[in-house]
file entry.cif (mmCIF, N, CA and C atoms, pLDDT in the B column; chains and numbers go by the auth columns)
data_target
#
loop_
_atom_site.group_PDB
_atom_site.id
_atom_site.type_symbol
_atom_site.label_atom_id
_atom_site.label_comp_id
_atom_site.label_asym_id
_atom_site.label_seq_id
_atom_site.Cartn_x
_atom_site.Cartn_y
_atom_site.Cartn_z
_atom_site.B_iso_or_equiv
_atom_site.auth_seq_id
_atom_site.auth_asym_id
ATOM 1 N N MET A 1 0.831 -1.178 0.000 79.00 16 A
ATOM 2 C CA MET A 1 0.000 0.000 0.000 79.00 16 A
ATOM 3 C C MET A 1 0.879 1.246 0.000 79.00 16 A
ATOM 4 N N LYS A 2 0.451 2.245 -0.699 88.00 17 A
ATOM 5 C CA LYS A 2 1.194 3.494 -0.837 88.00 17 A
ATOM 6 C C LYS A 2 0.969 4.383 0.390 88.00 17 A
ATOM 7 N N CYS A 3 2.047 4.915 0.941 90.00 18 A
ATOM 8 C CA CYS A 3 1.968 5.810 2.096 90.00 18 A
ATOM 9 C C CYS A 3 1.270 7.105 1.677 90.00 18 A
ATOM 10 N N PRO A 4 0.249 7.545 2.427 92.00 19 A
ATOM 11 C CA PRO A 4 -0.445 8.778 2.060 92.00 19 A
ATOM 12 C C PRO A 4 0.391 10.041 2.273 92.00 19 A
ATOM 13 N N ASN A 5 1.517 9.955 2.964 92.00 20 A
ATOM 14 C CA ASN A 5 2.370 11.116 3.202 92.00 20 A
ATOM 15 C C ASN A 5 3.498 11.222 2.183 92.00 20 A
ATOM 16 N N CYS A 6 4.316 10.168 2.072 90.00 21 A
ATOM 17 C CA CYS A 6 5.508 10.258 1.222 90.00 21 A
ATOM 18 C C CYS A 6 5.401 9.454 -0.069 90.00 21 A
ATOM 19 N N GLY A 7 4.405 8.591 -0.182 90.00 22 A
ATOM 20 C CA GLY A 7 4.217 7.816 -1.398 90.00 22 A
ATOM 21 C C GLY A 7 5.044 6.547 -1.470 90.00 22 A
ATOM 22 N N SER A 8 5.816 6.247 -0.429 88.00 23 A
ATOM 23 C CA SER A 8 6.646 5.044 -0.430 88.00 23 A
ATOM 24 C C SER A 8 5.764 3.796 -0.471 88.00 23 A
ATOM 25 N N ARG A 9 6.161 2.830 -1.262 83.00 24 A
ATOM 26 C CA ARG A 9 5.430 1.559 -1.336 83.00 24 A
ATOM 27 C C ARG A 9 6.224 0.408 -0.725 83.00 24 A
ATOM 28 N N THR A 10 7.512 0.510 -0.732 70.00 25 A
ATOM 29 C CA THR A 10 8.341 -0.616 -0.317 70.00 25 A
ATOM 30 C C THR A 10 8.594 -0.662 1.180 70.00 25 A
ATOM 31 N N GLU A 11 8.386 0.437 1.884 67.00 26 A
ATOM 32 C CA GLU A 11 8.750 0.463 3.288 67.00 26 A
ATOM 33 C C GLU A 11 7.542 0.542 4.217 67.00 26 A
ATOM 34 N N VAL A 12 6.389 0.063 3.768 68.00 27 A
ATOM 35 C CA VAL A 12 5.186 0.101 4.589 68.00 27 A
ATOM 36 C C VAL A 12 5.045 -1.237 5.297 68.00 27 A
ATOM 37 N N ASP A 13 4.938 -1.191 6.621 61.00 28 A
ATOM 38 C CA ASP A 13 4.840 -2.398 7.425 61.00 28 A
ATOM 39 C C ASP A 13 3.514 -2.433 8.164 61.00 28 A
ATOM 40 N N LEU A 14 2.998 -3.624 8.400 64.00 29 A
ATOM 41 C CA LEU A 14 1.813 -3.789 9.228 64.00 29 A
ATOM 42 C C LEU A 14 2.214 -3.762 10.686 64.00 29 A
ATOM 43 N N ASP A 15 1.467 -3.048 11.486 54.00 30 A
ATOM 44 C CA ASP A 15 1.687 -3.013 12.922 54.00 30 A
ATOM 45 C C ASP A 15 0.545 -3.789 13.557 54.00 30 A
ATOM 46 N N MET A 16 0.767 -5.060 13.802 59.00 31 A
ATOM 47 C CA MET A 16 -0.299 -5.947 14.258 59.00 31 A
ATOM 48 C C MET A 16 -0.587 -5.853 15.756 59.00 31 A
ATOM 49 N N HIS A 17 0.182 -5.078 16.510 58.00 32 A
ATOM 50 C CA HIS A 17 0.043 -5.091 17.964 58.00 32 A
ATOM 51 C C HIS A 17 -0.490 -3.801 18.568 58.00 32 A
ATOM 52 N N SER A 18 -0.998 -2.887 17.774 55.00 33 A
ATOM 53 C CA SER A 18 -1.553 -1.645 18.305 55.00 33 A
ATOM 54 C C SER A 18 -2.938 -1.922 18.883 55.00 33 A
ATOM 55 N N SER A 19 -3.080 -1.801 20.179 60.00 34 A
ATOM 56 C CA SER A 19 -4.355 -2.111 20.810 60.00 34 A
ATOM 57 C C SER A 19 -5.427 -1.139 20.332 60.00 34 A
ATOM 58 N N GLY A 20 -6.595 -1.675 20.070 59.00 35 A
ATOM 59 C CA GLY A 20 -7.704 -0.871 19.612 59.00 35 A
ATOM 60 C C GLY A 20 -7.745 -0.632 18.120 59.00 35 A
ATOM 61 N N PHE A 21 -6.693 -0.934 17.407 53.00 36 A
ATOM 62 C CA PHE A 21 -6.639 -0.667 15.975 53.00 36 A
ATOM 63 C C PHE A 21 -6.266 -1.898 15.156 53.00 36 A
ATOM 64 N N SER A 22 -6.330 -3.070 15.734 52.00 37 A
ATOM 65 C CA SER A 22 -5.834 -4.249 15.039 52.00 37 A
ATOM 66 C C SER A 22 -6.912 -5.039 14.306 52.00 37 A
ATOM 67 N N ALA A 23 -8.057 -4.436 14.057 57.00 38 A
ATOM 68 C CA ALA A 23 -9.118 -5.131 13.341 57.00 38 A
ATOM 69 C C ALA A 23 -8.653 -5.494 11.941 57.00 38 A
ATOM 70 N N GLU A 24 -9.073 -6.654 11.467 63.00 39 A
ATOM 71 C CA GLU A 24 -8.638 -7.110 10.142 63.00 39 A
ATOM 72 C C GLU A 24 -9.133 -6.213 9.018 63.00 39 A
ATOM 73 N N HIS A 25 -10.278 -5.591 9.171 67.00 40 A
ATOM 74 C CA HIS A 25 -10.826 -4.767 8.098 67.00 40 A
ATOM 75 C C HIS A 25 -10.159 -3.393 8.012 67.00 40 A
ATOM 76 N N SER A 26 -9.453 -2.946 9.043 73.00 41 A
ATOM 77 C CA SER A 26 -8.712 -1.676 8.962 73.00 41 A
ATOM 78 C C SER A 26 -7.418 -1.778 9.759 73.00 41 A
ATOM 79 N N PRO A 27 -6.474 -2.587 9.273 78.00 42 A
ATOM 80 C CA PRO A 27 -5.212 -2.763 10.015 78.00 42 A
ATOM 81 C C PRO A 27 -4.377 -1.490 10.024 78.00 42 A
ATOM 82 N N VAL A 28 -3.615 -1.328 11.071 81.00 43 A
ATOM 83 C CA VAL A 28 -2.726 -0.177 11.212 81.00 43 A
ATOM 84 C C VAL A 28 -1.489 -0.405 10.353 81.00 43 A
ATOM 85 N N LYS A 29 -1.074 0.633 9.643 86.00 44 A
ATOM 86 C CA LYS A 29 0.112 0.572 8.792 86.00 44 A
ATOM 87 C C LYS A 29 1.115 1.598 9.292 86.00 44 A
ATOM 88 N N GLU A 30 2.402 1.274 9.150 87.00 45 A
ATOM 89 C CA GLU A 30 3.467 2.214 9.500 87.00 45 A
ATOM 90 C C GLU A 30 4.443 2.305 8.347 87.00 45 A
ATOM 91 N N CYS A 31 4.782 3.514 7.943 88.00 46 A
ATOM 92 C CA CYS A 31 5.720 3.718 6.851 88.00 46 A
ATOM 93 C C CYS A 31 7.135 3.761 7.420 88.00 46 A
ATOM 94 N N GLY A 32 7.994 2.889 6.951 87.00 47 A
ATOM 95 C CA GLY A 32 9.376 2.866 7.392 87.00 47 A
ATOM 96 C C GLY A 32 10.191 4.030 6.855 87.00 47 A
ATOM 97 N N ALA A 33 9.707 4.690 5.802 88.00 48 A
ATOM 98 C CA ALA A 33 10.439 5.804 5.207 88.00 48 A
ATOM 99 C C ALA A 33 10.210 7.117 5.959 88.00 48 A
ATOM 100 N N CYS A 34 8.953 7.416 6.323 90.00 49 A
ATOM 101 C CA CYS A 34 8.669 8.715 6.952 90.00 49 A
ATOM 102 C C CYS A 34 8.124 8.600 8.371 90.00 49 A
ATOM 103 N N GLY A 35 7.720 7.404 8.797 90.00 50 A
ATOM 104 C CA GLY A 35 7.240 7.209 10.159 90.00 50 A
ATOM 105 C C GLY A 35 5.757 7.421 10.375 90.00 50 A
ATOM 106 N N LEU A 36 4.995 7.735 9.320 91.00 51 A
ATOM 107 C CA LEU A 36 3.555 7.936 9.447 91.00 51 A
ATOM 108 C C LEU A 36 2.892 6.634 9.871 91.00 51 A
ATOM 109 N N VAL A 37 1.947 6.720 10.807 89.00 52 A
ATOM 110 C CA VAL A 37 1.154 5.565 11.226 89.00 52 A
ATOM 111 C C VAL A 37 -0.298 5.900 10.906 89.00 52 A
ATOM 112 N N TRP A 38 -0.963 5.028 10.132 89.00 53 A
ATOM 113 C CA TRP A 38 -2.334 5.289 9.698 89.00 53 A
ATOM 114 C C TRP A 38 -3.099 4.004 9.501 89.00 53 A
ATOM 115 N N ARG A 39 -4.396 4.169 9.279 86.00 54 A
ATOM 116 C CA ARG A 39 -5.242 3.063 8.863 86.00 54 A
ATOM 117 C C ARG A 39 -6.275 3.604 7.894 86.00 54 A
ATOM 118 N N ILE A 40 -6.765 2.748 7.040 86.00 55 A
ATOM 119 C CA ILE A 40 -7.834 3.093 6.108 86.00 55 A
ATOM 120 C C ILE A 40 -9.114 2.555 6.725 86.00 55 A
ATOM 121 N N LYS A 41 -10.116 3.418 6.857 85.00 56 A
ATOM 122 C CA LYS A 41 -11.384 2.961 7.410 85.00 56 A
ATOM 123 C C LYS A 41 -12.525 3.433 6.526 85.00 56 A
ATOM 124 N N VAL A 42 -13.649 2.740 6.624 85.00 57 A
ATOM 125 C CA VAL A 42 -14.831 3.083 5.849 85.00 57 A
ATOM 126 C C VAL A 42 -15.924 3.502 6.821 85.00 57 A
ATOM 127 N N GLU A 43 -16.416 4.717 6.640 85.00 58 A
ATOM 128 C CA GLU A 43 -17.521 5.233 7.451 85.00 58 A
ATOM 129 C C GLU A 43 -18.618 5.708 6.521 85.00 58 A
ATOM 130 N N ALA A 44 -19.802 5.183 6.702 89.00 59 A
ATOM 131 C CA ALA A 44 -20.969 5.556 5.885 89.00 59 A
ATOM 132 C C ALA A 44 -20.676 5.428 4.395 89.00 59 A
ATOM 133 N N GLY A 45 -19.945 4.376 4.026 90.00 60 A
ATOM 134 C CA GLY A 45 -19.633 4.119 2.625 90.00 60 A
ATOM 135 C C GLY A 45 -18.508 4.957 2.053 90.00 60 A
ATOM 136 N N GLU A 46 -17.887 5.808 2.867 92.00 61 A
ATOM 137 C CA GLU A 46 -16.790 6.668 2.409 92.00 61 A
ATOM 138 C C GLU A 46 -15.471 6.165 2.983 92.00 61 A
ATOM 139 N N THR A 47 -14.447 6.047 2.134 90.00 62 A
ATOM 140 C CA THR A 47 -13.128 5.595 2.566 90.00 62 A
ATOM 141 C C THR A 47 -12.337 6.783 3.098 90.00 62 A
ATOM 142 N N LEU A 48 -11.819 6.644 4.327 91.00 63 A
ATOM 143 C CA LEU A 48 -11.078 7.715 4.981 91.00 63 A
ATOM 144 C C LEU A 48 -9.713 7.229 5.429 91.00 63 A
ATOM 145 N N VAL A 49 -8.735 8.130 5.442 92.00 64 A
ATOM 146 C CA VAL A 49 -7.414 7.842 6.002 92.00 64 A
ATOM 147 C C VAL A 49 -7.410 8.394 7.416 92.00 64 A
ATOM 148 N N ASP A 50 -7.229 7.512 8.390 91.00 65 A
ATOM 149 C CA ASP A 50 -7.203 7.886 9.799 91.00 65 A
ATOM 150 C C ASP A 50 -5.744 7.948 10.241 91.00 65 A
ATOM 151 N N ILE A 51 -5.197 9.154 10.462 93.00 66 A
ATOM 152 C CA ILE A 51 -3.807 9.329 10.880 93.00 66 A
ATOM 153 C C ILE A 51 -3.726 9.096 12.385 93.00 66 A
ATOM 154 N N ILE A 52 -2.913 8.134 12.790 90.00 67 A
ATOM 155 C CA ILE A 52 -2.749 7.800 14.200 90.00 67 A
ATOM 156 C C ILE A 52 -1.536 8.525 14.767 90.00 67 A
ATOM 157 N N LYS A 53 -0.448 8.580 13.991 91.00 68 A
ATOM 158 C CA LYS A 53 0.766 9.299 14.406 91.00 68 A
ATOM 159 C C LYS A 53 1.306 10.018 13.174 91.00 68 A
ATOM 160 N N ASN A 54 1.568 11.303 13.340 93.00 69 A
ATOM 161 C CA ASN A 54 2.102 12.077 12.227 93.00 69 A
ATOM 162 C C ASN A 54 3.482 11.586 11.824 93.00 69 A
ATOM 163 N N ALA A 55 3.861 11.906 10.596 90.00 70 A
ATOM 164 C CA ALA A 55 5.156 11.505 10.043 90.00 70 A
ATOM 165 C C ALA A 55 6.286 12.230 10.751 90.00 70 A
ATOM 166 N N ASP A 56 7.450 11.557 10.800 85.00 71 A
ATOM 167 C CA ASP A 56 8.649 12.164 11.348 85.00 71 A
ATOM 168 C C ASP A 56 9.205 13.213 10.393 85.00 71 A
ATOM 169 N N THR A 57 9.014 12.989 9.093 69.00 72 A
ATOM 170 C CA THR A 57 9.460 13.934 8.070 69.00 72 A
ATOM 171 C C THR A 57 8.264 14.338 7.237 69.00 72 A
ATOM 172 N N LEU A 58 8.180 15.581 6.864 64.00 73 A
ATOM 173 C CA LEU A 58 7.049 16.077 6.088 64.00 73 A
ATOM 174 C C LEU A 58 7.167 15.723 4.621 64.00 73 A
ATOM 175 N N LYS A 59 6.032 15.642 3.966 59.00 74 A
ATOM 176 C CA LYS A 59 5.970 15.395 2.539 59.00 74 A
ATOM 177 C C LYS A 59 6.621 16.547 1.782 59.00 74 A
ATOM 178 N N LYS A 60 7.418 16.234 0.799 55.00 75 A
ATOM 179 C CA LYS A 60 8.114 17.276 0.032 55.00 75 A
ATOM 180 C C LYS A 60 7.396 17.600 -1.232 55.00 75 A
#

call {"tool": "encode", "arguments": {"input": "entry.cif", "output": "C-alpha cells"}}
result
Amino acid sequence: MKCPNCGSRTEVDLDMHSSGFSAEHSPVKECGACGLVWRIKVEAGETLVDIIKNADTLKK
C-alpha cells in the first residue's frame, strides 16, 4: 500500500500489535520511510485515512 504522506510503497509495514486498531478490516500501517502511522477505514460508505501518528518527516 502506498503511504499517504511520502508515497513510499516498499517500506510500509503492518503493525499488528496496536491495541484498539488491530481489526482485520482496517489494520494499522506504518511507513518505514517517513514514520507515518495510519489506517484506512470506511464510514458511511466513504473511505477515509485515519492518521494515528504524524510523520517524522514532512511530505516534500

call {"tool": "atom_distance", "arguments": {"input": "entry.cif", "atom1": "atom C of A:Ala59", "atom2": "atom N of A:Glu45"}}
result
23.9 Å

call {"tool": "residues_around", "arguments": {"input": "entry.cif", "residues": "A:Arg54", "least_positions_apart": "3", "cutoff": "7 Å", "atoms": "only N, CA and C atoms", "output": "PDB file with N, CA and C atoms, keeping the file's coordinate frame"}}
result
ATOM      1  N   SER A  41      -9.453  -2.946   9.043  1.00 73.00           N
ATOM      2  CA  SER A  41      -8.712  -1.676   8.962  1.00 73.00           C
ATOM      3  C   SER A  41      -7.418  -1.778   9.759  1.00 73.00           C
ATOM      4  N   PRO A  42      -6.474  -2.587   9.273  1.00 78.00           N
ATOM      5  CA  PRO A  42      -5.212  -2.763  10.015  1.00 78.00           C
ATOM      6  C   PRO A  42      -4.377  -1.490  10.024  1.00 78.00           C
ATOM      7  N   VAL A  43      -3.615  -1.328  11.071  1.00 81.00           N
ATOM      8  CA  VAL A  43      -2.726  -0.177  11.212  1.00 81.00           C
ATOM      9  C   VAL A  43      -1.489  -0.405  10.353  1.00 81.00           C
ATOM     10  N   LYS A  44      -1.074   0.633   9.643  1.00 86.00           N
ATOM     11  CA  LYS A  44       0.112   0.572   8.792  1.00 86.00           C
ATOM     12  C   LYS A  44       1.115   1.598   9.292  1.00 86.00           C
ATOM     13  N   LEU A  63     -11.819   6.644   4.327  1.00 91.00           N
ATOM     14  CA  LEU A  63     -11.078   7.715   4.981  1.00 91.00           C
ATOM     15  C   LEU A  63      -9.713   7.229   5.429  1.00 91.00           C
ATOM     16  N   VAL A  64      -8.735   8.130   5.442  1.00 92.00           N
ATOM     17  CA  VAL A  64      -7.414   7.842   6.002  1.00 92.00           C
ATOM     18  C   VAL A  64      -7.410   8.394   7.416  1.00 92.00           C
ATOM     19  N   ASP A  65      -7.229   7.512   8.390  1.00 91.00           N
ATOM     20  CA  ASP A  65      -7.203   7.886   9.799  1.00 91.00           C
ATOM     21  C   ASP A  65      -5.744   7.948  10.241  1.00 91.00           C
ATOM     22  N   ILE A  66      -5.197   9.154  10.462  1.00 93.00           N
ATOM     23  CA  ILE A  66      -3.807   9.329  10.880  1.00 93.00           C
ATOM     24  C   ILE A  66      -3.726   9.096  12.385  1.00 93.00           C
ATOM     25  N   ILE A  67      -2.913   8.134  12.790  1.00 90.00           N
ATOM     26  CA  ILE A  67      -2.749   7.800  14.200  1.00 90.00           C
ATOM     27  C   ILE A  67      -1.536   8.525  14.767  1.00 90.00           C
TER      28      ILE A  67
END

call {"tool": "resolve_selection", "arguments": {"input": "entry.cif", "expression": "the PyMOL selection byres ((chain A and resi 50) around 5)", "output": "ChimeraX atom specification"}}
result
/A:46-49,51-52,69-71

call {"tool": "atom_distance", "arguments": {"input": "entry.cif", "atom1": "atom N of A:Cys18", "atom2": "atom CA of A:Trp53"}}
result
9.8 Å

call {"tool": "atom_distance", "arguments": {"input": "entry.cif", "atom1": "atom C of A:Thr25", "atom2": "atom N of A:Gly60"}}
result
29.1 Å
